[in-house]
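A.B. asks: Quick one: this structure, given as structure tokens, is what I'll be asking you about.
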Amino acid sequence: MRITEATCHIRQFKLKQSALSGEVFYENVFLTLKTDTGLTGHGIASPDRVITGEDAQSVMMAFEDSIHPTLVHKNPFLFSRIYEDLREMIPGQATALAMVEIALYDLLAQAAGVPLYMLLGGFREKIITSVSIGIGEDKEVLEIIQHWTDQGIRAFKIRGGSDVDRDIRICELVRRQVGPETMLIFDANKGYNLIEAAHFIRHVHKLNLEIFEQPTSPELTFQWHLLRQESSTPIMADESLKKLADSFILTSHQSVDMLNIKLMKVGGITPALQINSSARSADVSCMMGCMNECSLGIAAGLHVALARPNITHAGLDSWLHIEDDPFAGLVVLDNGYLKPNGQPGIGVIYQ
């Protein structure tokens, strides 16, 4: 099998109206690979200037200058060689690398005639996903929580980090509303200092939070072992984790109980699997998270999560918040569980 054609384009998405989002737009970049066997692979980049240092135009430039000439006429089964070549050509462009890898893995799984998660390992068939709730007034947050609860969602990630006393209050209100069985995660978005993070932990220990995510800035990560002594609530790194070396450092310093892996942040499926293996060696579990991705990116992350026992949690919800998703149908939300559509590869269906 050889790649005969590679094309790339940008598409802008609008977030659905909600009390907490207003009118917000973001861009995804899409890669299409056609082969001499008739198979077509699809990849996606969700660039973020703050997190990965990329935007849609820089991904397109990488495609024109490096990705396109590297991919055309190549056998996609040589994905490791292709990935290493591109990693040297476009250093620091994690989402562009992820876009390429997703498309290549899509082709490989289609060639095998199985969904991607089966090709990668096939540990489970579905996983509960949390839905993120942005910062807002108490009433607004509770109304949105109720909306998603009515849709069968059984896990929520509450965002905060700018006012610790507000965050404690909203966690208490949400727990009271959803009851003891619903999974609650709190994401401080690196907003606290160590004293505030400790204050938060001490005041929410009775709420049975599932995870406390990114309590402080990455610069303070190596002090998190002190926070872990305050409570049994697992502490998870997000912004502190961008590459394989970060996983090793975080776990060896006993700073974390969990790692939040995002394909777009770490550079694709291969580094995601490497980070997960590194975490498992230290008895640290992982969450599969997402950035501002439509269903294509969510499906890729989901397939990886389903393939590994150490990826115990998922926060794959961005597709729920966008309008006019061109890949709607790749993932299915059923009573709080997320599962793929069962088709080969990532699951794209051609009419």
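Residues are referred to by chain and number: the chain letter is A, B, ... according to the order shown in the structure tokens, the number counts from 1 in that chain, and ligands are numbered separately from 1 in the order shown.
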For Gly347 in chain A, please output as a PyMOL selection string all residues within 12 Å (counting only C-alpha atoms; exclusion window: fewer than 2 positions along the same chain).

C.D. replies: chain A and resi 40-43+102-103+105-107+109-110+113-117+295-300+302-303+327-332+339-345+349-350

A.B. asks: Put those residues in a file: C-alpha atoms, as an mmCIF file, in the first residue's frame.

C.D. replies:
data_model
loop_
_atom_site.group_PDB
_atom_site.id
_atom_site.type_symbol
_atom_site.label_atom_id
_atom_site.label_comp_id
_atom_site.auth_asym_id
_atom_site.auth_seq_id
_atom_site.Cartn_x
_atom_site.Cartn_y
_atom_site.Cartn_z
ATOM 1 C CA THR A 40 -8.549 6.760 2.727
ATOM 2 C CA GLY A 41 -7.145 7.844 6.081
ATOM 3 C CA HIS A 42 -8.209 10.892 8.065
ATOM 4 C CA GLY A 43 -6.274 12.922 10.598
ATOM 5 C CA ILE A 102 -4.043 9.603 13.394
ATOM 6 C CA ALA A 103 -4.374 9.392 9.613
ATOM 7 C CA TYR A 105 -3.200 4.575 12.133
ATOM 8 C CA ASP A 106 -6.599 5.008 10.506
ATOM 9 C CA LEU A 107 -5.182 3.466 7.331
ATOM 10 C CA ALA A 109 -6.638 -0.397 11.049
ATOM 11 C CA GLN A 110 -8.726 -0.176 7.887
ATOM 12 C CA GLY A 113 -10.358 -4.603 8.740
ATOM 13 C CA VAL A 114 -10.856 -3.763 12.438
ATOM 14 C CA PRO A 115 -11.616 -0.693 14.558
ATOM 15 C CA LEU A 116 -8.435 1.037 15.647
ATOM 16 C CA TYR A 117 -8.804 0.119 19.329
ATOM 17 C CA SER A 295 -15.561 13.960 16.652
ATOM 18 C CA LEU A 296 -12.590 12.839 14.542
ATOM 19 C CA GLY A 297 -10.090 13.803 17.240
ATOM 20 C CA ILE A 298 -12.347 12.466 19.967
ATOM 21 C CA ALA A 299 -12.613 9.123 18.156
ATOM 22 C CA ALA A 300 -8.830 8.857 17.912
ATOM 23 C CA LEU A 302 -11.215 7.096 22.442
ATOM 24 C CA HIS A 303 -9.655 4.252 20.456
ATOM 25 C CA PHE A 327 -17.543 13.682 11.536
ATOM 26 C CA ALA A 328 -20.656 13.226 13.665
ATOM 27 C CA GLY A 329 -21.325 9.528 14.178
ATOM 28 C CA LEU A 330 -17.753 8.397 14.821
ATOM 29 C CA VAL A 331 -18.462 8.138 18.543
ATOM 30 C CA VAL A 332 -21.634 7.241 20.410
ATOM 31 C CA LYS A 339 -17.934 4.049 22.472
ATOM 32 C CA PRO A 340 -16.832 3.928 18.811
ATOM 33 C CA ASN A 341 -19.215 3.144 15.975
ATOM 34 C CA GLY A 342 -17.646 -0.260 15.307
ATOM 35 C CA GLN A 343 -16.416 0.502 11.795
ATOM 36 C CA PRO A 344 -12.827 -0.236 10.676
ATOM 37 C CA GLY A 345 -10.146 2.326 11.413
ATOM 38 C CA ILE A 349 -18.304 5.924 6.917
ATOM 39 C CA TYR A 350 -18.405 6.714 3.228
#

A.B. asks: Name the residues in contact with Met264 in chain A at a cut-off of 8 Å, using only C-alpha atoms, excluding same-chain residues fewer than 5 positions from it; report them as a list in words.

C.D. replies: Ala45, Ser46, Pro47, Ala94, Thr95, Ala98, Cys290 and Met291 of chain A

A.B. asks: Deliver the residues from the most recent selection as a file, using N, CA and C atoms, as a PDB file, in the first residue's frame.

C.D. replies:
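See result.pdb below for the written result:
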ATOM      1  N   ALA A  45      -5.754  17.985  13.410  1.00  0.00           N
ATOM      2  CA  ALA A  45      -4.951  18.780  14.335  1.00  0.00           C
ATOM      3  C   ALA A  45      -5.862  19.807  14.986  1.00  0.00           C
ATOM      4  N   SER A  46      -5.702  19.985  16.292  1.00  0.00           N
ATOM      5  CA  SER A  46      -6.434  21.016  17.024  1.00  0.00           C
ATOM      6  C   SER A  46      -5.410  21.924  17.680  1.00  0.00           C
ATOM      7  N   PRO A  47      -4.837  22.841  16.915  1.00  0.00           N
ATOM      8  CA  PRO A  47      -3.735  23.647  17.437  1.00  0.00           C
ATOM      9  C   PRO A  47      -4.199  24.650  18.487  1.00  0.00           C
ATOM     10  N   ALA A  94       3.290  19.675  17.961  1.00  0.00           N
ATOM     11  CA  ALA A  94       2.668  18.450  18.454  1.00  0.00           C
ATOM     12  C   ALA A  94       1.376  18.114  17.729  1.00  0.00           C
ATOM     13  N   THR A  95       0.528  19.120  17.479  1.00  0.00           N
ATOM     14  CA  THR A  95      -0.757  18.798  16.855  1.00  0.00           C
ATOM     15  C   THR A  95      -0.588  18.391  15.396  1.00  0.00           C
ATOM     16  N   ALA A  98       0.407  14.822  15.557  1.00  0.00           N
ATOM     17  CA  ALA A  98      -0.747  14.008  15.915  1.00  0.00           C
ATOM     18  C   ALA A  98      -1.662  13.808  14.713  1.00  0.00           C
ATOM     19  N   CYS A 290      -8.845  15.742  25.952  1.00  0.00           N
ATOM     20  CA  CYS A 290      -8.945  16.304  24.609  1.00  0.00           C
ATOM     21  C   CYS A 290      -8.738  17.808  24.673  1.00  0.00           C
ATOM     22  N   MET A 291      -8.547  18.396  23.499  1.00  0.00           N
ATOM     23  CA  MET A 291      -8.540  19.838  23.355  1.00  0.00           C
ATOM     24  C   MET A 291      -9.816  20.208  22.589  1.00  0.00           C
TER      25      MET A 291
END

A.B. asks: Applying 12 Å and only C-alpha atoms, which residues near Val59 in chain A remain after dropping the ones on its own chain fewer than 5 positions away? List them as a PyMOL selection string.

C.D. replies: chain A and resi 8-10+27-31+44-49+52-54+64-68+90-100

A.B. asks: Could you list, as a PyMOL selection string, every residue within 10 Å of range 217-223 of chain A, counting only C-alpha atoms and ignoring same-chain residues fewer than 4 positions away?

C.D. replies: chain A and resi 188-194+227-228+237-241+249-250+253-256

A.B. asks: Expressed in Å to a single decimal, how great is the separation between CA of Ser247 in chain A and CA of Phe200 in chain A?

C.D. replies: 25.1 Å

A.B. asks: For the helix (DSSP H, G or I) assignment from backbone DSSP, which residues of range 23-264 of chain A qualify? Please present them as a count of residues only.

C.D. replies: 118
